[in-house]
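Content type mmCIF, C-alpha atoms and all ligand atoms, from the file structure-v1.cif:
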data_entry
loop_
_atom_site.label_atom_id
_atom_site.label_comp_id
_atom_site.auth_asym_id
_atom_site.auth_seq_id
_atom_site.Cartn_x
_atom_site.Cartn_y
_atom_site.Cartn_z
CA MET A 5 16.52 52.40 -39.91
CA VAL A 6 16.75 55.42 -42.20
CA SER A 7 13.98 55.91 -44.70
CA SER A 8 12.47 58.71 -46.75
CA SER A 9 9.61 60.92 -45.66
CA LEU A 10 8.97 61.74 -49.35
CA LEU A 11 7.82 58.28 -50.28
CA PRO A 12 4.50 56.56 -49.55
CA LEU A 13 4.63 53.48 -47.35
CA GLU A 14 4.70 50.15 -49.15
CA THR A 15 1.49 48.15 -49.15
CA PRO A 16 1.62 45.29 -46.58
CA SER A 17 1.93 42.57 -49.24
CA GLN A 18 5.11 44.13 -50.56
CA ALA A 19 6.41 45.19 -47.16
CA HIS A 20 8.43 42.04 -46.45
CA ILE A 21 11.07 42.79 -49.09
CA CYS A 22 10.78 46.46 -49.94
CA PRO A 23 13.52 47.40 -52.42
CA PHE A 24 13.80 50.92 -51.03
CA ASP A 25 14.25 49.71 -47.44
CA GLN A 26 16.89 47.27 -48.69
CA ALA A 27 18.71 50.04 -50.55
CA CYS A 28 18.65 52.14 -47.36
CA SER A 29 20.06 49.22 -45.33
CA TYR A 30 23.03 48.91 -47.68
CA LEU A 31 23.51 52.66 -47.50
CA GLU A 32 23.47 52.49 -43.68
CA GLN A 33 26.08 49.74 -43.66
CA ALA A 34 28.33 51.85 -45.86
CA ALA A 35 27.66 54.91 -43.69
CA ARG A 36 28.77 52.96 -40.59
CA GLU A 37 31.92 51.83 -42.35
CA LEU A 38 32.59 55.43 -43.41
CA ARG A 39 31.71 56.80 -39.93
CA MET A 40 29.31 59.17 -41.63
CA ASP A 41 27.35 61.59 -39.50
CA GLN A 42 23.57 61.17 -39.22
CA GLY A 43 22.76 64.44 -41.00
CA LEU A 44 24.69 63.45 -44.09
CA LEU A 45 23.13 59.99 -43.98
CA ALA A 46 19.67 61.58 -43.91
CA VAL A 47 20.56 63.69 -46.96
CA LEU A 48 21.73 60.64 -48.90
CA SER A 49 18.72 58.51 -47.88
CA ASN A 50 16.22 60.88 -49.43
CA PRO A 51 15.67 61.34 -53.14
CA ARG A 52 15.99 64.97 -54.11
CA LYS A 53 12.90 64.95 -56.30
CA VAL A 54 10.04 62.50 -56.80
CA VAL A 55 7.73 63.04 -59.76
CA THR A 56 4.57 61.04 -60.50
CA VAL A 57 2.52 61.91 -63.56
CA SER A 58 -0.64 60.48 -65.00
CA ILE A 59 -0.49 59.25 -68.56
CA PRO A 60 -3.84 59.14 -70.32
CA VAL A 61 -3.64 57.02 -73.45
CA LYS A 62 -6.15 56.23 -76.15
CA LEU A 63 -5.87 52.51 -76.88
CA ASP A 64 -6.34 51.11 -80.38
CA SER A 65 -9.84 50.01 -79.31
CA GLY A 66 -10.79 53.63 -78.67
CA GLU A 67 -10.91 53.07 -74.90
CA VAL A 68 -8.98 55.58 -72.73
CA GLN A 69 -6.71 54.23 -70.00
CA VAL A 70 -4.75 56.25 -67.45
CA LEU A 71 -1.35 54.93 -66.35
CA ALA A 72 0.94 56.24 -63.60
CA GLY A 73 4.48 57.20 -64.57
CA HIS A 74 7.30 57.96 -62.15
CA ARG A 75 10.69 59.62 -62.31
CA VAL A 76 12.78 59.72 -59.15
CA GLN A 77 15.89 61.90 -59.02
CA HIS A 78 17.99 60.73 -56.15
CA CYS A 79 21.14 62.85 -56.15
CA ASP A 80 22.84 65.16 -58.65
CA VAL A 81 25.79 66.31 -56.62
CA LEU A 82 28.29 64.88 -59.14
CA GLY A 83 26.47 65.81 -62.36
CA PRO A 84 23.16 65.43 -64.23
CA TYR A 85 20.79 62.73 -63.05
CA LYS A 86 21.15 59.51 -65.04
CA GLY A 87 19.15 56.33 -65.19
CA GLY A 88 16.87 54.07 -67.14
CA THR A 89 13.14 53.97 -67.78
CA ARG A 90 11.45 50.73 -66.79
CA TYR A 91 8.23 49.36 -68.26
CA HIS A 92 7.10 46.44 -66.13
CA PRO A 93 3.87 45.50 -64.33
CA ALA A 94 5.63 45.35 -60.93
CA VAL A 95 6.92 48.96 -61.05
CA THR A 96 6.15 50.94 -57.86
CA LEU A 97 7.33 54.31 -56.68
CA ARG A 98 9.41 52.75 -53.92
CA GLU A 99 11.06 50.37 -56.41
CA VAL A 100 11.89 53.24 -58.76
CA SER A 101 13.29 55.18 -55.77
CA ALA A 102 15.50 52.26 -54.78
CA LEU A 103 16.77 51.92 -58.34
CA ALA A 104 17.44 55.68 -58.52
CA MET A 105 19.57 55.43 -55.38
CA LEU A 106 21.51 52.48 -56.84
CA MET A 107 22.23 54.59 -59.92
CA THR A 108 23.81 57.29 -57.74
CA TRP A 109 26.25 54.82 -56.16
CA LYS A 110 26.85 53.04 -59.49
CA CYS A 111 27.86 56.23 -61.34
CA ALA A 112 30.04 57.35 -58.43
CA LEU A 113 31.71 53.94 -58.17
CA LEU A 114 32.51 53.97 -61.89
CA ASN A 115 33.77 57.53 -61.53
CA ILE A 116 31.47 58.95 -64.19
CA PRO A 117 30.10 62.47 -63.66
CA PHE A 118 26.43 61.66 -63.17
CA GLY A 119 23.93 61.49 -60.37
CA GLY A 120 21.28 58.81 -60.01
CA ALA A 121 17.70 58.69 -61.26
CA LYS A 122 15.19 56.14 -62.49
CA GLY A 123 11.87 56.21 -64.25
CA GLY A 124 9.12 53.68 -64.63
CA ILE A 125 5.59 52.96 -65.71
CA ALA A 126 3.64 50.02 -64.28
CA LEU A 127 2.61 48.26 -67.47
CA ASP A 128 3.26 45.04 -69.32
CA PRO A 129 4.65 46.15 -72.71
CA ALA A 130 3.63 42.83 -74.28
CA ARG A 131 -0.05 43.78 -73.80
CA TYR A 132 0.19 47.02 -75.77
CA SER A 133 0.56 47.59 -79.51
CA VAL A 134 3.58 49.49 -80.85
CA GLY A 135 1.31 52.47 -81.52
CA GLU A 136 0.00 52.42 -77.96
CA LEU A 137 3.51 52.16 -76.53
CA GLU A 138 4.56 55.11 -78.65
CA ARG A 139 1.66 57.24 -77.40
CA ILE A 140 2.39 56.23 -73.78
CA THR A 141 6.10 57.03 -74.14
CA ARG A 142 5.47 60.39 -75.81
CA ARG A 143 2.91 61.50 -73.21
CA TYR A 144 5.18 60.36 -70.35
CA THR A 145 8.09 62.34 -71.85
CA SER A 146 5.92 65.36 -72.41
CA GLU A 147 4.73 65.30 -68.78
CA LEU A 148 8.38 65.22 -67.64
CA ILE A 149 9.56 67.90 -70.05
CA LYS A 150 10.68 70.33 -67.34
CA ASP A 151 12.40 67.64 -65.31
CA ILE A 152 14.64 66.07 -67.96
CA GLY A 153 17.28 67.48 -70.33
CA PRO A 154 20.92 66.90 -71.31
CA ALA A 155 22.22 68.93 -68.36
CA VAL A 156 19.42 67.95 -65.98
CA ASP A 157 18.36 64.32 -66.19
CA ILE A 158 19.17 61.88 -68.99
CA PRO A 159 16.95 58.78 -69.30
CA ALA A 160 18.12 55.54 -70.91
CA PRO A 161 16.66 52.08 -71.56
CA ASP A 162 15.93 49.68 -68.70
CA MET A 163 13.78 46.59 -68.41
CA GLY A 164 10.98 46.70 -71.02
CA THR A 165 12.40 49.62 -73.00
CA SER A 166 15.03 49.89 -75.75
CA ALA A 167 16.49 52.23 -78.38
CA ARG A 168 13.01 52.51 -79.90
CA GLU A 169 11.52 54.18 -76.80
CA MET A 170 14.60 56.40 -76.49
CA ALA A 171 14.05 57.64 -80.07
CA TRP A 172 10.43 58.53 -79.20
CA MET A 173 11.57 60.29 -76.04
CA MET A 174 14.28 62.23 -77.88
CA ASP A 175 11.82 63.24 -80.62
CA THR A 176 9.10 64.33 -78.18
CA TYR A 177 11.54 66.38 -76.13
CA SER A 178 13.08 67.93 -79.26
CA VAL A 179 9.73 68.85 -80.83
CA ASN A 180 8.64 70.45 -77.55
CA VAL A 181 11.77 72.60 -77.18
CA GLY A 182 11.91 73.41 -80.90
CA HIS A 183 15.23 71.88 -81.94
CA ALA A 184 16.99 68.48 -81.99
CA VAL A 185 18.41 67.54 -78.58
CA PRO A 186 20.13 64.17 -78.96
CA GLY A 187 21.74 64.49 -75.51
CA VAL A 188 18.43 64.22 -73.65
CA VAL A 189 18.59 60.41 -73.70
CA THR A 190 21.23 57.73 -74.14
CA GLY A 191 20.81 54.27 -75.58
CA LYS A 192 19.20 55.83 -78.63
CA PRO A 193 19.58 54.52 -82.21
CA ILE A 194 22.92 55.22 -83.91
CA SER A 195 21.08 57.23 -86.62
CA ILE A 196 20.31 59.98 -84.07
CA GLY A 197 23.57 60.00 -82.11
CA GLY A 198 23.51 56.68 -80.29
CA SER A 199 26.78 54.95 -79.52
CA ARG A 200 28.10 51.85 -81.11
CA GLY A 201 28.33 49.09 -78.53
CA ARG A 202 25.51 50.44 -76.32
CA GLU A 203 23.10 47.61 -76.99
CA LEU A 204 25.43 44.88 -75.73
CA ALA A 205 27.11 47.13 -73.16
CA THR A 206 25.51 45.87 -69.94
CA GLY A 207 26.06 42.25 -70.98
CA ARG A 208 29.65 43.04 -71.98
CA GLY A 209 30.26 44.62 -68.58
CA VAL A 210 28.90 41.49 -66.88
CA MET A 211 31.25 39.34 -68.96
CA ILE A 212 34.24 41.54 -68.01
CA ILE A 213 33.50 41.46 -64.28
CA VAL A 214 32.92 37.68 -64.30
CA ARG A 215 36.15 37.22 -66.26
CA GLU A 216 38.11 39.30 -63.72
CA ALA A 217 36.56 37.45 -60.77
CA LEU A 218 37.39 34.05 -62.27
CA ALA A 219 40.93 35.19 -63.15
CA GLU A 220 41.50 36.13 -59.53
CA ARG A 221 40.77 32.49 -58.61
CA GLY A 222 43.11 31.24 -61.31
CA GLN A 223 40.15 30.23 -63.49
CA SER A 224 39.32 31.23 -67.03
CA LEU A 225 36.09 31.88 -68.88
CA VAL A 226 36.99 29.02 -71.19
CA GLY A 227 34.97 26.05 -69.99
CA ALA A 228 33.40 27.95 -67.07
CA ARG A 229 29.91 26.62 -66.29
CA VAL A 230 27.44 29.50 -66.30
CA VAL A 231 23.72 29.69 -65.58
CA ILE A 232 21.72 32.79 -66.51
CA GLN A 233 18.28 33.76 -65.24
CA GLY A 234 16.75 36.09 -67.83
CA PHE A 235 17.18 36.33 -71.59
CA GLY A 236 16.25 39.98 -72.14
CA ASN A 237 18.54 42.89 -73.09
CA VAL A 238 21.09 42.03 -70.43
CA GLY A 239 20.81 38.26 -70.05
CA SER A 240 20.97 37.51 -73.77
CA ALA A 241 23.95 39.83 -74.35
CA ALA A 242 25.83 38.36 -71.37
CA ALA A 243 25.03 34.85 -72.62
CA LEU A 244 26.30 35.62 -76.11
CA LEU A 245 29.53 37.29 -75.02
CA LEU A 246 30.31 34.65 -72.40
CA HIS A 247 29.61 31.94 -74.96
CA GLN A 248 31.93 33.66 -77.45
CA ALA A 249 34.61 33.82 -74.75
CA GLY A 250 34.42 30.04 -74.33
CA ALA A 251 32.09 29.66 -71.33
CA LYS A 252 29.49 26.90 -71.26
CA ILE A 253 26.02 28.38 -70.79
CA LEU A 254 24.15 25.50 -69.13
CA ALA A 255 20.76 27.18 -68.83
CA VAL A 256 18.90 30.41 -69.52
CA SER A 257 15.32 31.40 -68.75
CA THR A 258 12.60 33.93 -69.35
CA GLY A 259 9.62 34.73 -67.13
CA SER A 260 7.81 31.63 -68.36
CA GLY A 261 10.60 29.11 -67.73
CA GLY A 262 13.97 28.07 -69.02
CA VAL A 263 15.97 25.66 -71.14
CA PHE A 264 18.89 23.49 -69.99
CA ALA A 265 21.62 21.58 -71.83
CA GLU A 266 24.35 19.78 -69.85
CA ALA A 267 26.83 20.21 -72.73
CA GLY A 268 26.06 23.94 -73.00
CA LEU A 269 23.52 25.83 -75.11
CA ASP A 270 24.35 27.11 -78.59
CA ILE A 271 23.60 30.77 -77.76
CA PRO A 272 23.76 32.27 -81.30
CA ALA A 273 21.32 29.54 -82.44
CA LEU A 274 19.09 30.25 -79.41
CA LYS A 275 19.04 33.95 -80.26
CA THR A 276 17.94 33.16 -83.82
CA TYR A 277 15.35 30.73 -82.43
CA THR A 278 13.85 33.32 -80.06
CA ALA A 279 13.76 35.94 -82.84
CA GLN A 280 11.71 33.50 -84.93
CA ASN A 281 9.47 32.38 -82.04
CA GLY A 282 8.09 35.60 -80.68
CA ARG A 283 10.86 35.80 -78.05
CA SER A 284 10.07 32.37 -76.62
CA ILE A 285 12.95 30.02 -75.77
CA LYS A 286 10.57 27.08 -75.17
CA GLY A 287 11.28 23.96 -77.19
CA PHE A 288 14.79 25.01 -78.28
CA PRO A 289 16.24 21.93 -80.04
CA GLY A 290 18.82 20.05 -77.98
CA SER A 291 17.58 21.45 -74.65
CA VAL A 292 15.27 20.24 -71.90
CA PRO A 293 12.78 22.52 -70.11
CA ILE A 294 13.60 23.75 -66.61
CA THR A 295 11.70 26.00 -64.21
CA ASN A 296 13.12 29.28 -62.95
CA ALA A 297 13.29 27.82 -59.44
CA GLU A 298 15.28 24.79 -60.65
CA LEU A 299 17.57 26.97 -62.76
CA LEU A 300 18.67 29.02 -59.75
CA THR A 301 19.78 25.90 -57.90
CA LEU A 302 21.86 24.29 -60.67
CA PRO A 303 25.46 23.50 -59.72
CA CYS A 304 27.72 25.88 -61.66
CA ASP A 305 30.73 28.17 -61.44
CA VAL A 306 28.76 31.36 -62.06
CA LEU A 307 25.07 32.07 -61.53
CA ILE A 308 23.91 35.27 -63.23
CA PRO A 309 20.51 36.59 -62.16
CA ALA A 310 19.67 38.97 -65.02
CA ALA A 311 15.96 39.50 -64.47
CA LEU A 312 14.04 41.13 -61.62
CA GLU A 313 14.78 42.01 -57.99
CA ASN A 314 14.47 39.58 -55.07
CA GLN A 315 15.10 36.31 -56.91
CA ILE A 316 17.54 34.81 -54.41
CA THR A 317 15.81 34.98 -51.05
CA GLU A 318 15.88 33.32 -47.62
CA GLU A 319 13.70 30.59 -49.11
CA ASN A 320 16.05 29.40 -51.84
CA VAL A 321 19.46 30.70 -50.78
CA ASN A 322 20.52 27.43 -49.16
CA GLN A 323 19.94 25.59 -52.43
CA ILE A 324 22.23 27.87 -54.44
CA ARG A 325 25.12 25.75 -55.71
CA ALA A 326 27.18 28.36 -57.58
CA SER A 327 30.66 29.51 -56.56
CA ILE A 328 29.96 33.05 -57.78
CA VAL A 329 26.69 34.97 -58.06
CA ALA A 330 27.05 37.84 -60.54
CA GLU A 331 24.24 40.37 -60.16
CA ALA A 332 23.41 41.45 -63.70
CA ALA A 333 19.95 42.57 -62.54
CA ASN A 334 19.51 45.32 -59.97
CA GLY A 335 18.89 43.89 -56.50
CA PRO A 336 18.33 40.21 -57.42
CA VAL A 337 19.60 39.01 -54.02
CA THR A 338 17.69 40.05 -50.89
CA LEU A 339 19.56 41.50 -47.92
CA LYS A 340 19.08 38.34 -45.82
CA ALA A 341 20.07 36.05 -48.68
CA ASP A 342 23.15 38.19 -49.29
CA GLN A 343 24.28 37.64 -45.69
CA MET A 344 23.64 33.91 -46.00
CA LEU A 345 25.63 33.65 -49.25
CA GLU A 346 28.47 35.46 -47.52
CA LEU A 347 28.37 32.96 -44.62
CA ARG A 348 28.41 30.09 -47.11
CA GLY A 349 31.51 31.52 -48.81
CA ILE A 350 29.73 32.21 -52.10
CA THR A 351 31.10 35.34 -53.75
CA VAL A 352 28.50 37.91 -54.76
CA LEU A 353 29.59 40.33 -57.50
CA PRO A 354 27.38 43.31 -56.63
CA ASP A 355 24.94 44.90 -59.06
CA ILE A 356 26.33 48.43 -58.87
CA LEU A 357 29.60 47.06 -60.26
CA THR A 358 28.52 44.07 -62.35
CA ASN A 359 25.79 45.74 -64.40
CA ALA A 360 27.46 49.14 -64.74
CA GLY A 361 28.53 48.54 -68.36
CA GLY A 362 25.27 50.02 -69.62
CA VAL A 363 25.59 53.35 -67.90
CA VAL A 364 29.32 53.48 -68.68
CA VAL A 365 28.56 53.30 -72.41
CA SER A 366 25.72 55.78 -71.85
CA TYR A 367 28.40 58.10 -70.50
CA LEU A 368 30.58 57.42 -73.55
CA GLU A 369 27.55 58.16 -75.76
CA TRP A 370 27.06 61.46 -73.94
CA VAL A 371 30.77 62.34 -74.31
CA GLN A 372 30.69 61.54 -78.05
CA GLY A 373 27.54 63.64 -78.45
CA LEU A 374 29.09 66.61 -76.64
CA SER A 375 32.27 66.45 -78.71
CA TYR A 376 30.49 65.69 -82.03
CA VAL A 377 33.07 62.98 -82.65
CA PHE A 378 31.80 59.42 -82.94
CA TRP A 379 33.95 56.39 -82.25
CA ASP A 380 34.03 52.92 -83.74
CA GLU A 381 32.83 50.02 -81.62
CA GLU A 382 36.33 48.87 -80.79
CA ARG A 383 37.14 52.22 -79.18
CA VAL A 384 33.87 52.26 -77.22
CA ASN A 385 34.45 48.73 -75.93
CA TRP A 386 38.04 49.53 -75.02
CA GLU A 387 37.12 52.68 -73.06
CA MET A 388 34.37 50.82 -71.26
CA GLU A 389 36.63 47.92 -70.40
CA GLN A 390 39.18 50.28 -68.80
CA LEU A 391 36.56 51.82 -66.53
CA MET A 392 35.03 48.46 -65.58
CA VAL A 393 38.36 46.76 -64.84
CA GLN A 394 39.59 49.73 -62.80
CA ALA A 395 36.39 49.74 -60.74
CA TYR A 396 36.61 45.97 -60.22
CA HIS A 397 40.14 46.24 -58.85
CA LYS A 398 39.28 49.19 -56.62
CA VAL A 399 36.42 47.18 -55.15
CA THR A 400 38.48 44.03 -54.54
CA GLN A 401 41.32 46.06 -53.02
CA LYS A 402 38.91 47.86 -50.69
CA SER A 403 37.31 44.55 -49.77
CA LYS A 404 40.68 43.01 -48.88
CA ALA A 405 41.99 46.08 -47.08
CA ARG A 406 38.91 46.39 -44.85
CA GLN A 407 38.01 42.70 -44.70
CA ILE A 408 34.50 43.40 -45.94
CA PRO A 409 32.35 41.77 -48.65
CA LEU A 410 32.55 43.07 -52.21
CA ARG A 411 29.13 44.73 -52.03
CA LEU A 412 30.00 46.72 -48.95
CA ALA A 413 33.35 47.64 -50.53
CA ALA A 414 31.56 48.87 -53.67
CA TYR A 415 29.15 50.89 -51.54
CA VAL A 416 31.95 52.35 -49.45
CA LEU A 417 33.60 53.59 -52.65
CA GLY A 418 30.41 54.86 -54.35
CA VAL A 419 28.72 56.32 -51.28
CA GLY A 420 32.04 57.70 -50.02
CA ARG A 421 32.61 59.62 -53.24
CA VAL A 422 29.12 61.14 -53.14
CA ALA A 423 29.40 61.95 -49.42
CA GLN A 424 32.67 63.76 -50.05
CA ALA A 425 31.10 65.80 -52.84
CA VAL A 426 28.10 66.75 -50.67
CA THR A 427 30.46 67.78 -47.89
CA ASP A 428 32.68 69.81 -50.22
CA ARG A 429 29.75 71.56 -51.90
CA GLY A 430 28.04 72.24 -48.59
CA LEU A 431 24.35 72.71 -47.92
CA TYR A 432 22.39 75.53 -49.54
CA PRO A 433 21.42 77.90 -47.97
N1 LIG A 501 19.15 51.04 -66.96
C1 LIG A 501 20.56 50.84 -66.91
C2 LIG A 501 21.03 50.68 -65.48
O1 LIG A 501 20.27 50.32 -64.60
C3 LIG A 501 21.30 51.91 -67.69
C4 LIG A 501 21.11 53.31 -67.21
C5 LIG A 501 21.75 54.37 -68.12
O2 LIG A 501 22.38 54.02 -69.08
O3 LIG A 501 21.55 55.55 -67.79
O4 LIG A 501 22.18 50.83 -65.18
#

Entire entry expressed as structure tokens:
Amino acid sequence: MVSSSLLPLETPSQAHICPFDQACSYLEQAARELRMDQGLLAVLSNPRKVVTVSIPVKLDSGEVQVLAGHRVQHCDVLGPYKGGTRYHPAVTLREVSALAMLMTWKCALLNIPFGGAKGGIALDPARYSVGELERITRRYTSELIKDIGPAVDIPAPDMGTSAREMAWMMDTYSVNVGHAVPGVVTGKPISIGGSRGRELATGRGVMIIVREALAERGQSLVGARVVIQGFGNVGSAAALLLHQAGAKILAVSTGSGGVFAEAGLDIPALKTYTAQNGRSIKGFPGSVPITNAELLTLPCDVLIPAALENQITEENVNQIRASIVAEAANGPVTLKADQMLELRGITVLPDILTNAGGVVVSYLEWVQGLSYVFWDEERVNWEMEQLMVQAYHKVTQKSKARQIPLRLAAYVLGVGRVAQAVTDRGLYP
């Protein structure tokens, strides 16, 4: 199997489902389908640049802690590197590298002129004060100052970060270079050049792809039975938009468990409830508690894993009772489980398509920033919808034409586009 000589080996406990090895396996499958030569495959398997920095931070208690921050730049053949910044305790360099590679294929699939990157710090944001998080974010940005920039690498929010962190990153970068540089990040607040529609963008993209997939089966979102794992940035936005479109959201969850209602959850009321309850969904009136494991196995039309990687595995895949699995998270289905879902005739809407709405609106934010013309939300949503629907149809057409699953079709399109660009540009020197 291809791998990268730049990255450290995974520790044995993580070795059984290493996200980077999985990403390389999908790349290899696409390479076989594309009859790619081994040299080109080796180029695409390796990130171009891997940066790890140490982030010393003075905590509110006066104690000094040193965190490790990563930024992996996978490929910039089509344009500046692009990708989120993840704050989560499970962040590792190999995970960030896998996610950077996914960003490359995602941007290429959506036909937006970016390469792929990802950043991350292994920390649990809930255990740090706002002041501590600000100091961590600013030091991390400062350490990466030579590696990011509007024409170089443009970070955005990911799990555990939001517009607030992007504002700190933009400010730190700007102060260091001596003038305001809004284009250094996307997903920033509207007051400093953010785009309308960015906050709900990934969730909106999920809703669009699910809607298209159901329509192809002659079904509608109205009355569709949907289960969502995760109620963070992506899961809660997808839940809200699907609910508004008439779907019945049977269950949602957070890391500490979920809530279930056979008749469907009132999502706007649940959002208000979580805002008032320190983000907890526990005890939501009219619902019964459910574990994350139970939630994944509920019978439904659409199951949307919108949390971490490796949630649907060999262990639970045979209990999945959804007709469609829509990957709102990155890599929520393991390679083995993916093959088993395919054998069972369960459609998997792949992450690089399904959750691309976020980076698509990041692209629209970048375009608005470059042209100094800012659009209303309707225009942003419309432009995003065009790109998402086009990509969906390209993927389904490719899948039908080659008789391959949707994920492989999406990879063939994304990887194929990047491979062509590498070939046309040629190797330097
Ligand atoms: N973190 C998001 C993703 O995984 C968005 C990245 C971006 O907007 O650059 O696609």

Quiz item: Any idea what the distance is between CA of Ala219 in chain A and CA of Val329 in chain A?
Solution: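 According to the coordinates, CA of Ala219 in chain A and CA of Val329 in chain A are separated by 15.1 Å.
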
Quiz item: When the cut-off is 7 Å and you count all atoms listed in the file, which residues lie near ligand LIG 501 (chain A), shown as an NGL selection string?
Solution: :A and (86-89 or 107 or 158-162 or 190-191 or 334 or 359-360 or 362-364 or 366)

Quiz item: For Arg143 in chain A, which of A:Tyr91, A:Tyr277, A:Tyr177, A:Tyr432 is the closest residue, counting all atoms listed in the file?
Solution: A:Tyr177

Quiz item: Can you list, as a PyMOL selection string, every protein, DNA or RNA residue that comes within 8 Å of Arg98 in chain A when you count all atoms listed in the file, leaving out same-chain residues fewer than 3 positions away?
Solution: chain A and resi 11-12+14+22-24+101-102

Quiz item: Within 10 Å of Asp355 in chain A, counting only C-alpha atoms, which residues qualify if same-chain residues fewer than 5 places away don't, as an MDAnalysis selection string?
Solution: chainID A and resid 106 110 210 309:310 330:337 360 411 414

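Taking all atoms listed in the file into account, Gln394 in chain A lies nearest to A:Leu113 out of the set A:Leu113, A:Gly227, A:Gln33, A:Leu300.
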
Quiz item: Using all atoms listed in the file, which of A:Ile152, A:Ala251, A:Leu31, A:Ala121 sits nearest Leu225 in chain A?
Solution: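 Comparing A:Ile152, A:Ala251, A:Leu31, A:Ala121 against Leu225 in chain A, the winner is A:Ala251.
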
Quiz prompt | Atom-to-atom span, CA of Ser49 in chain A and CA of Val189 in chain A, Å | solution = 25.9 Å

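With all atoms listed in the file as the atoms that count, the residue of A:Thr176, A:Asn115, A:Thr351, A:Asn50 with the shortest distance to Arg142 in chain A is A:Thr176.
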
Quiz item: Between CA of Glu318 in chain A and CA of Ala217 in chain A, what is the distance, to one decimal in Å?
Solution: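 Between CA of Glu318 in chain A and CA of Ala217 in chain A the gap is 24.9 Å.
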
Quiz item: Looking at A:Arg406, A:Leu412, A:Ala72, A:Cys304, which one is nearest to Glu346 in chain A, with distances taken over all atoms listed in the file?
Solution: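 Closest to Glu346 in chain A, using all atoms listed in the file: A:Leu412.
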
Self-check item: Test item: residues at most 12 Å from Ile149 in chain A, all atoms listed in the file, excluding those fewer than 3 positions along its chain, as a list in words
Solution: Val55, Val57, Arg75, Arg142, Arg143, Tyr144, Thr145, Ser146, Ile152, Gly153, Pro154, Val156, Asp157, Ile158, Pro159, Met173, Met174, Asp175, Thr176, Tyr177, Ser178, Val179, Asn180, Val181 and Val188 of chain A

Output file for the residues above (C-alpha atoms, as a PDB file, in the coordinates of the input):
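In the end it all went to selection-v5.pdb:
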ATOM      1  CA  VAL A  55       7.730  63.040 -59.760  1.00  0.00           C
ATOM      2  CA  VAL A  57       2.520  61.910 -63.560  1.00  0.00           C
ATOM      3  CA  ARG A  75      10.690  59.620 -62.310  1.00  0.00           C
ATOM      4  CA  ARG A 142       5.470  60.390 -75.810  1.00  0.00           C
ATOM      5  CA  ARG A 143       2.910  61.500 -73.210  1.00  0.00           C
ATOM      6  CA  TYR A 144       5.180  60.360 -70.350  1.00  0.00           C
ATOM      7  CA  THR A 145       8.090  62.340 -71.850  1.00  0.00           C
ATOM      8  CA  SER A 146       5.920  65.360 -72.410  1.00  0.00           C
ATOM      9  CA  ILE A 152      14.640  66.070 -67.960  1.00  0.00           C
ATOM     10  CA  GLY A 153      17.280  67.480 -70.330  1.00  0.00           C
ATOM     11  CA  PRO A 154      20.920  66.900 -71.310  1.00  0.00           C
ATOM     12  CA  VAL A 156      19.420  67.950 -65.980  1.00  0.00           C
ATOM     13  CA  ASP A 157      18.360  64.320 -66.190  1.00  0.00           C
ATOM     14  CA  ILE A 158      19.170  61.880 -68.990  1.00  0.00           C
ATOM     15  CA  PRO A 159      16.950  58.780 -69.300  1.00  0.00           C
ATOM     16  CA  MET A 173      11.570  60.290 -76.040  1.00  0.00           C
ATOM     17  CA  MET A 174      14.280  62.230 -77.880  1.00  0.00           C
ATOM     18  CA  ASP A 175      11.820  63.240 -80.620  1.00  0.00           C
ATOM     19  CA  THR A 176       9.100  64.330 -78.180  1.00  0.00           C
ATOM     20  CA  TYR A 177      11.540  66.380 -76.130  1.00  0.00           C
ATOM     21  CA  SER A 178      13.080  67.930 -79.260  1.00  0.00           C
ATOM     22  CA  VAL A 179       9.730  68.850 -80.830  1.00  0.00           C
ATOM     23  CA  ASN A 180       8.640  70.450 -77.550  1.00  0.00           C
ATOM     24  CA  VAL A 181      11.770  72.600 -77.180  1.00  0.00           C
ATOM     25  CA  VAL A 188      18.430  64.220 -73.650  1.00  0.00           C
TER      26      VAL A 188
END

Self-check item: A:Pro117, A:Gly197, A:Gly135, A:Gly373 ranked by distance to Val422 in chain A, top pick (using all atoms listed in the file)
Solution: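 Nearest to Val422 in chain A: A:Pro117.
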
Quiz prompt | For range 296-299 of chain A: contacts at 7 Å, only C-alpha atoms, fewer than 2 positions along chain excluded, given as a list in words | solution =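 Everything that qualifies: Ala255, Ser257, Gly261, Gly262, Ile294, Thr301 and Leu302 of chain A.
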